[in-house]
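Enquirer: Below is one structure. I have some questions about it.
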2 protein chains.
Amino acid sequence: MDNLDLIKQISITSPGKIVLLVIDGLGGLTHPKTAKTELETASTPNLDRLAAGSTCGLIDPVGPGITPGSTPGHLALFGYDPVKYNIGRGVVAALGIDFDLKPDDIAARGNFCTVDSSGLITDRRAGRIPTEKCTELCRLLDEIKIEGIKLFVRPVREHRFAVVFRGEGLSPEISDSDPQQTGVAPKAIKAQQSTARRTADIANEFIAQTRTILARHHPANMVILRGFSRKPSLPTMGEVYKLKPAAIAAYPMYRGLAKLVGMQLLKTGPAIADEFDTLKQNYAGYDFFFLHIKETDSAGEDGDFDRKVNVIEEIDKALPALTGLKPDVIVVTADHSTPALLKSHSWHPVPILLYSQWCRPDRVGEFTEQACILGGLGRFPATQVMPLAMANALKLAKFGA
Amino acid sequence: MDNLDLIKQISITSPGKIVLLVIDGLGGLTHPKTAKTELETASTPNLDRLAAGSTCGLIDPVGPGITPGSTPGHLALFGYDPVKYNIGRGVVAALGIDFDLKPDDIAARGNFCTVDSSGLITDRRAGRIPTEKCTELCRLLDEIKIEGIKLFVRPVREHRFAVVFRGEGLSPEISDSDPQQTGVAPKAIKAQQSTARRTADIANEFIAQTRTILARHHPANMVILRGFSRKPSLPTMGEVYKLKPAAIAAYPMYRGLAKLVGMQLLKTGPAIADEFDTLKQNYAGYDFFFLHIKETDSAGEDGDFDRKVNVIEEIDKALPALTGLKPDVIVVTADHSTPALLKSHSWHPVPILLYSQWCRPDRVGEFTEQACILGGLGRFPATQVMPLAMANALKLAKFGA
């Protein structure tokens, strides 16, 4: 039995409120000079006070050693097995730009690229054209007509775009045109099942027309597509947990993920303080809040240790706006680690604190990676965060007699 | 999805090198006089220094409370689910003597035993005849001819031998002749599926001929067979991890296991220092090394606490030969515990240290069972050691977008 099936059987509605604060990429690695991580370096009196009254631990988003993308990292936090619900790259791209994907739409992730006079790829990113140029070219491609389907070409950032095919009888079972290397031509798209032949033809027709349109737009004179996929049908958080969930996230990608699991998206300003204010304004209307802060991850990806420290301190200053609402359960954690030293997501386990009136506090007195090692929650899979939060909000009935 | 499938999808080749040092049966129990385990008693300055810069923890080879044989203990360390890949006893016996099993061979583990004049077993081990006697009797049995098949009878040690049936259309689905008790006759071997009837006939024919040949060789006047099995087809470590793996193991059993998962076997001398020297000599040619040391387990099985302590100290002295090569990742652990107090393998979790430039060090400053309890890896299944080692060698790509 899937864990979600079990939880669905025993979840109950109760007045308790849960706030899940996701500090994206929070986990880090120690600075060579100080032997302290970003979180250990930051001055975080509010988080430390909260940790002292909480039970703490470390989570693995997908599994030990596995570096998660944002999608599996978040799905695991929401309680969904991220390997079972592996979301295609095309869908992730569409979600990331807030595109309203319909259940039968086929989405692909596209790159503008450069090809030489023989049609061989010389740059898979077309010199990273500016987003404005990408937007302009997407407008041209969006005009392409293919019989029987509706086409959407939308810019993402720099050379990246999303393309969505809408129509009857389409299939995501088609291969990439992106050969993932230079010096070769883009590949013809092939059906991986006989039922996908028409979709392959349509995708190849789109590429053929694109080639003509882009011929004079060097360096962005061609496209490569990958990750054809359809929005998966996930049970909503309302169905599984009987919650009325809301998402506060400034970045489109995370709004898209929240929508995928049935959360209501709340309008919010881009600053950290804005997001906490949005929580306060909407606190009465929901019993579960996913509050996502992106800047820690961005600083980590940029390799900017100090900026990541500063963002953590800014979050700590904003925290009383959250704790002042006195939620029944507060979870503070992340979707994955993004150590500034690695300049990328990583596999390192992520610190977590869970506060509730009914948690059994441990001896952890500060919110750091080191302290969380000794926490009462131990080290555990991120998919178990939601059941724990639900239990602490008295939203899970007894299992078995 | 099997964990190996996931790892196979995301594993990449990189220049990083991994050394997995398996100190067989390392975990122990505390001596009643000192309250220290074998590892805690040993003076291990090199292991302690390595642990201080590593992340540490405890692994369960199969699961809490489960005492593993050598085969599941090692398969788990190599990342293979030891319950899913449960290797038959006959195959283990053949691997243990370096027999070159073909994919369709059926192997069984045999005992020379003693039967009385009515054919009832009086000693399942024939008084533990010396290995020389066993070898002599196996040579006699190896001459048995059965139409349509080729037969191999090979001594293991004392009363133990391996028998291999090679031919067309054989099946491992046949029952044991070993009744696992005395006072009864050996059982007739039965087909467990209709397709196995011919194999059962062949095995019974082998036993009938054996009975005649051994009639005058009291106390070894009969044999009992068990664990008919075929070599499983495991994905190789090359396929799963894209590694070029090599094994350094003086004992045949461990060479056999390494071969089963596709490792290259390196010629090595029997002493601990020999094995470390073999590592040095072959360091350039591979990116993964399994270095196996047997003597800790043998001392534990013999109940010789002090000898086990001495072996651990000898390994510690040899360790600089390994660390001096500066592998990207060093894992030191074991396939199971073998406490001298129990004189056998045991279920106790096994200390592990994982060193890499990218590990997140914890506060563990020595390599002992007690210290590892508080390590940053926590307590986790041994099947996750390889994903962690791969991640730390930067050999795993991000999962999902």
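Ligands are numbered from 1 in the order shown, residues from 1 within each chain, and chains are lettered A, B, ... in the order they appear in the structure tokens.
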Using only C-alpha atoms, which protein or nucleic acid residues come within 12 Å of range 97-106 of chain B? Drop anything in the same chain fewer than 4 positions from it, and give the result as number ranges by chain.
Expert: B: 88-93, 149-157, 160-174, 196, 199-200, 202-203, 226-234, 250-260, 265
Enquirer: Skip Asn221 in chain B itself and residues of its chain fewer than 2 positions away, then list as number ranges by chain all residues within 8 Å of it, counting only C-alpha atoms.
Expert: B: 112-115, 126, 211, 214-219, 223
Enquirer: Taking the DSSP secondary structure from the backbone, can you list the residues of range 118-320 of chain A that are helix (DSSP H, G or I), as an MDAnalysis selection string?
Expert: chainID A and resid 131:141 194:214 237:241 252:260 272:281 283:285 295:301 305:320
Enquirer: Check every residue of chain A for an atom within 6 Å of chain B, counting only C-alpha atoms, and provide those that qualify as a list of chain:residue names.
Expert: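 On the chain A side, the interface is A:Leu29, A:Pro64, A:Gly65, A:Thr67, A:Pro68, A:Gly69, A:Thr71, A:Ile373.
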Enquirer: Mind checking which residues fall within 7 Å of Pro61 in chain A, counting only C-alpha atoms, ignoring those fewer than 2 positions away in the same chain, and posting them as a PDB file with N, CA, C and O atoms, in the first residue's frame?
Expert:
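out_34.pdb was written with the following content:
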ATOM      1  N   ILE A  59      16.293  15.205   7.266  1.00  0.00           N
ATOM      2  CA  ILE A  59      15.515  14.451   6.288  1.00  0.00           C
ATOM      3  C   ILE A  59      16.305  14.216   5.007  1.00  0.00           C
ATOM      4  O   ILE A  59      17.168  15.003   4.629  1.00  0.00           O
ATOM      5  N   GLY A  63      16.526  10.086  -0.998  1.00  0.00           N
ATOM      6  CA  GLY A  63      17.218   8.969  -0.365  1.00  0.00           C
ATOM      7  C   GLY A  63      18.655   9.380  -0.137  1.00  0.00           C
ATOM      8  O   GLY A  63      19.136  10.326  -0.775  1.00  0.00           O
ATOM      9  N   PRO A  68      18.255  15.895  -5.162  1.00  0.00           N
ATOM     10  CA  PRO A  68      16.952  16.073  -5.802  1.00  0.00           C
ATOM     11  C   PRO A  68      16.861  17.378  -6.585  1.00  0.00           C
ATOM     12  O   PRO A  68      17.421  18.395  -6.190  1.00  0.00           O
ATOM     13  N   GLY A  73      12.073  17.225  -4.625  1.00  0.00           N
ATOM     14  CA  GLY A  73      12.288  17.751  -3.268  1.00  0.00           C
ATOM     15  C   GLY A  73      10.985  18.222  -2.637  1.00  0.00           C
ATOM     16  O   GLY A  73      10.700  17.932  -1.467  1.00  0.00           O
ATOM     17  N   ALA A  76       8.203  15.323  -2.172  1.00  0.00           N
ATOM     18  CA  ALA A  76       8.476  14.516  -0.976  1.00  0.00           C
ATOM     19  C   ALA A  76       7.989  15.245   0.277  1.00  0.00           C
ATOM     20  O   ALA A  76       7.350  14.652   1.147  1.00  0.00           O
ATOM     21  N   ASP A 335      13.693  21.679   0.816  1.00  0.00           N
ATOM     22  CA  ASP A 335      13.461  20.656  -0.200  1.00  0.00           C
ATOM     23  C   ASP A 335      14.741  19.888  -0.520  1.00  0.00           C
ATOM     24  O   ASP A 335      14.709  18.800  -1.093  1.00  0.00           O
ATOM     25  N   HIS A 336      15.885  20.465  -0.155  1.00  0.00           N
ATOM     26  CA  HIS A 336      17.203  19.847  -0.394  1.00  0.00           C
ATOM     27  C   HIS A 336      18.249  20.798   0.163  1.00  0.00           C
ATOM     28  O   HIS A 336      17.919  21.925   0.548  1.00  0.00           O
ATOM     29  N   PRO A 381      13.027   9.784   5.930  1.00  0.00           N
ATOM     30  CA  PRO A 381      12.633  10.234   4.589  1.00  0.00           C
ATOM     31  C   PRO A 381      11.681  11.427   4.655  1.00  0.00           C
ATOM     32  O   PRO A 381      10.779  11.467   5.497  1.00  0.00           O
ATOM     33  N   ALA A 382      11.863  12.358   3.733  1.00  0.00           N
ATOM     34  CA  ALA A 382      11.048  13.569   3.720  1.00  0.00           C
ATOM     35  C   ALA A 382       9.565  13.277   3.529  1.00  0.00           C
ATOM     36  O   ALA A 382       8.712  14.057   3.953  1.00  0.00           O
TER      37      ALA A 382
END
Enquirer: Enumerate the residues of range 161-357 of chain A with a DSSP assignment of strand (DSSP E), computed from the backbone, and present them as a PyMOL selection string.
Expert: chain A and resi 161-167+222-229+245-249+264-265+288-293+329-333+350-356
Enquirer: For Lys343 in chain B, list every protein, DNA or RNA residue within 10 Å, evaluated using only C-alpha atoms, and leave out those in the same chain fewer than 5 positions away; present the list as a count of residues only.
Expert: 10
Enquirer: Show me, as a list in words, the residues that have an atom within 9 Å of Leu50 in chain A when counting only C-alpha atoms, minus same-chain residues fewer than 2 positions from it.
Expert: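 Result of the neighbour search: Pro45, Asn46, Leu47, Asp48, Ala52, Gly53, Ser54, Thr323, Leu353, Leu354, Tyr355, Gly365, Glu366 and Phe367 of chain A.
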Enquirer: Would you list the contacts of Tyr286 in chain B as JSON, numbers by chain, taking every protein, DNA or RNA residue within 12 Å and counting only C-alpha atoms, but skipping same-chain residues closer than 6 positions in sequence?
Expert: {"B": [13, 14, 15, 16, 17, 18, 19, 238, 242, 243, 244, 245, 246, 247, 248, 263, 264, 265, 266, 279, 280, 327]}
Enquirer: Atoms to include: N, CA and C atoms. Write the selected residues as an mmCIF file, in the first residue's frame.
Expert:
data_model
loop_
_atom_site.group_PDB
_atom_site.id
_atom_site.type_symbol
_atom_site.label_atom_id
_atom_site.label_comp_id
_atom_site.auth_asym_id
_atom_site.auth_seq_id
_atom_site.Cartn_x
_atom_site.Cartn_y
_atom_site.Cartn_z
ATOM 1 N N THR B 13 30.013 8.751 -15.111
ATOM 2 C CA THR B 13 31.438 8.474 -14.957
ATOM 3 C C THR B 13 32.152 9.775 -14.608
ATOM 4 N N SER B 14 33.015 9.698 -13.617
ATOM 5 C CA SER B 14 33.820 10.865 -13.255
ATOM 6 C C SER B 14 35.191 10.360 -12.837
ATOM 7 N N PRO B 15 36.181 11.247 -12.752
ATOM 8 C CA PRO B 15 37.518 10.751 -12.417
ATOM 9 C C PRO B 15 37.640 10.267 -10.961
ATOM 10 N N GLY B 16 36.700 10.597 -10.106
ATOM 11 C CA GLY B 16 36.815 10.288 -8.680
ATOM 12 C C GLY B 16 36.996 8.810 -8.400
ATOM 13 N N LYS B 17 37.782 8.512 -7.364
ATOM 14 C CA LYS B 17 38.019 7.116 -6.970
ATOM 15 C C LYS B 17 37.431 6.841 -5.592
ATOM 16 N N ILE B 18 36.856 5.654 -5.466
ATOM 17 C CA ILE B 18 36.219 5.217 -4.222
ATOM 18 C C ILE B 18 36.937 3.977 -3.705
ATOM 19 N N VAL B 19 37.293 3.976 -2.426
ATOM 20 C CA VAL B 19 37.820 2.758 -1.803
ATOM 21 C C VAL B 19 36.869 2.330 -0.689
ATOM 22 N N GLY B 238 29.404 -2.328 -13.002
ATOM 23 C CA GLY B 238 29.697 -1.496 -14.168
ATOM 24 C C GLY B 238 28.422 -0.955 -14.794
ATOM 25 N N LYS B 242 28.327 2.530 -13.459
ATOM 26 C CA LYS B 242 29.277 2.976 -14.485
ATOM 27 C C LYS B 242 30.694 3.084 -13.919
ATOM 28 N N LEU B 243 31.001 2.197 -12.981
ATOM 29 C CA LEU B 243 32.332 2.148 -12.382
ATOM 30 C C LEU B 243 33.168 1.082 -13.079
ATOM 31 N N LYS B 244 34.475 1.208 -12.894
ATOM 32 C CA LYS B 244 35.389 0.140 -13.278
ATOM 33 C C LYS B 244 35.909 -0.428 -11.961
ATOM 34 N N PRO B 245 35.231 -1.453 -11.439
ATOM 35 C CA PRO B 245 35.506 -1.888 -10.067
ATOM 36 C C PRO B 245 36.499 -3.049 -9.974
ATOM 37 N N ALA B 246 37.295 -3.030 -8.925
ATOM 38 C CA ALA B 246 38.263 -4.101 -8.678
ATOM 39 C C ALA B 246 38.136 -4.594 -7.242
ATOM 40 N N ALA B 247 38.423 -5.889 -7.069
ATOM 41 C CA ALA B 247 38.322 -6.494 -5.743
ATOM 42 C C ALA B 247 39.686 -6.985 -5.284
ATOM 43 N N ILE B 248 39.988 -6.676 -4.024
ATOM 44 C CA ILE B 248 41.205 -7.178 -3.396
ATOM 45 C C ILE B 248 40.760 -7.999 -2.197
ATOM 46 N N MET B 263 33.069 -7.387 -10.558
ATOM 47 C CA MET B 263 34.353 -6.746 -10.256
ATOM 48 C C MET B 263 35.505 -7.521 -10.900
ATOM 49 N N GLN B 264 36.548 -6.797 -11.231
ATOM 50 C CA GLN B 264 37.792 -7.427 -11.662
ATOM 51 C C GLN B 264 38.511 -7.937 -10.412
ATOM 52 N N LEU B 265 38.967 -9.191 -10.432
ATOM 53 C CA LEU B 265 39.671 -9.733 -9.271
ATOM 54 C C LEU B 265 41.165 -9.456 -9.408
ATOM 55 N N LEU B 266 41.753 -8.829 -8.393
ATOM 56 C CA LEU B 266 43.185 -8.540 -8.438
ATOM 57 C C LEU B 266 43.941 -9.597 -7.642
ATOM 58 N N LEU B 279 46.445 -2.766 -3.513
ATOM 59 C CA LEU B 279 45.690 -1.537 -3.804
ATOM 60 C C LEU B 279 46.598 -0.501 -4.450
ATOM 61 N N LYS B 280 47.758 -0.311 -3.835
ATOM 62 C CA LYS B 280 48.693 0.701 -4.337
ATOM 63 C C LYS B 280 49.149 0.372 -5.763
ATOM 64 N N PRO B 327 42.280 8.780 -2.035
ATOM 65 C CA PRO B 327 41.042 8.515 -2.779
ATOM 66 C C PRO B 327 40.037 9.644 -2.528
#
Enquirer: So how far away is CA of Glu205 in chain A from CA of Ile146 in chain A, in Å?
Expert: 7.6 Å
Enquirer: If we count only C-alpha atoms and set the cut-off at 8 Å, which residues sit around Val261 in chain A, ignoring sequence neighbours fewer than 6 positions away in its own chain? Please answer as a ChimeraX atom specification.
Expert: /A:234-237
Enquirer: Can I get the selected residues back with C-alpha atoms, as an mmCIF file, in the first residue's frame?
Expert:
data_model
loop_
_atom_site.group_PDB
_atom_site.id
_atom_site.type_symbol
_atom_site.label_atom_id
_atom_site.label_comp_id
_atom_site.auth_asym_id
_atom_site.auth_seq_id
_atom_site.Cartn_x
_atom_site.Cartn_y
_atom_site.Cartn_z
ATOM 1 C CA LEU A 234 -1.812 13.189 -8.325
ATOM 2 C CA PRO A 235 -4.331 12.860 -5.542
ATOM 3 C CA THR A 236 -4.761 16.360 -4.102
ATOM 4 C CA MET A 237 -3.720 17.298 -0.585
#
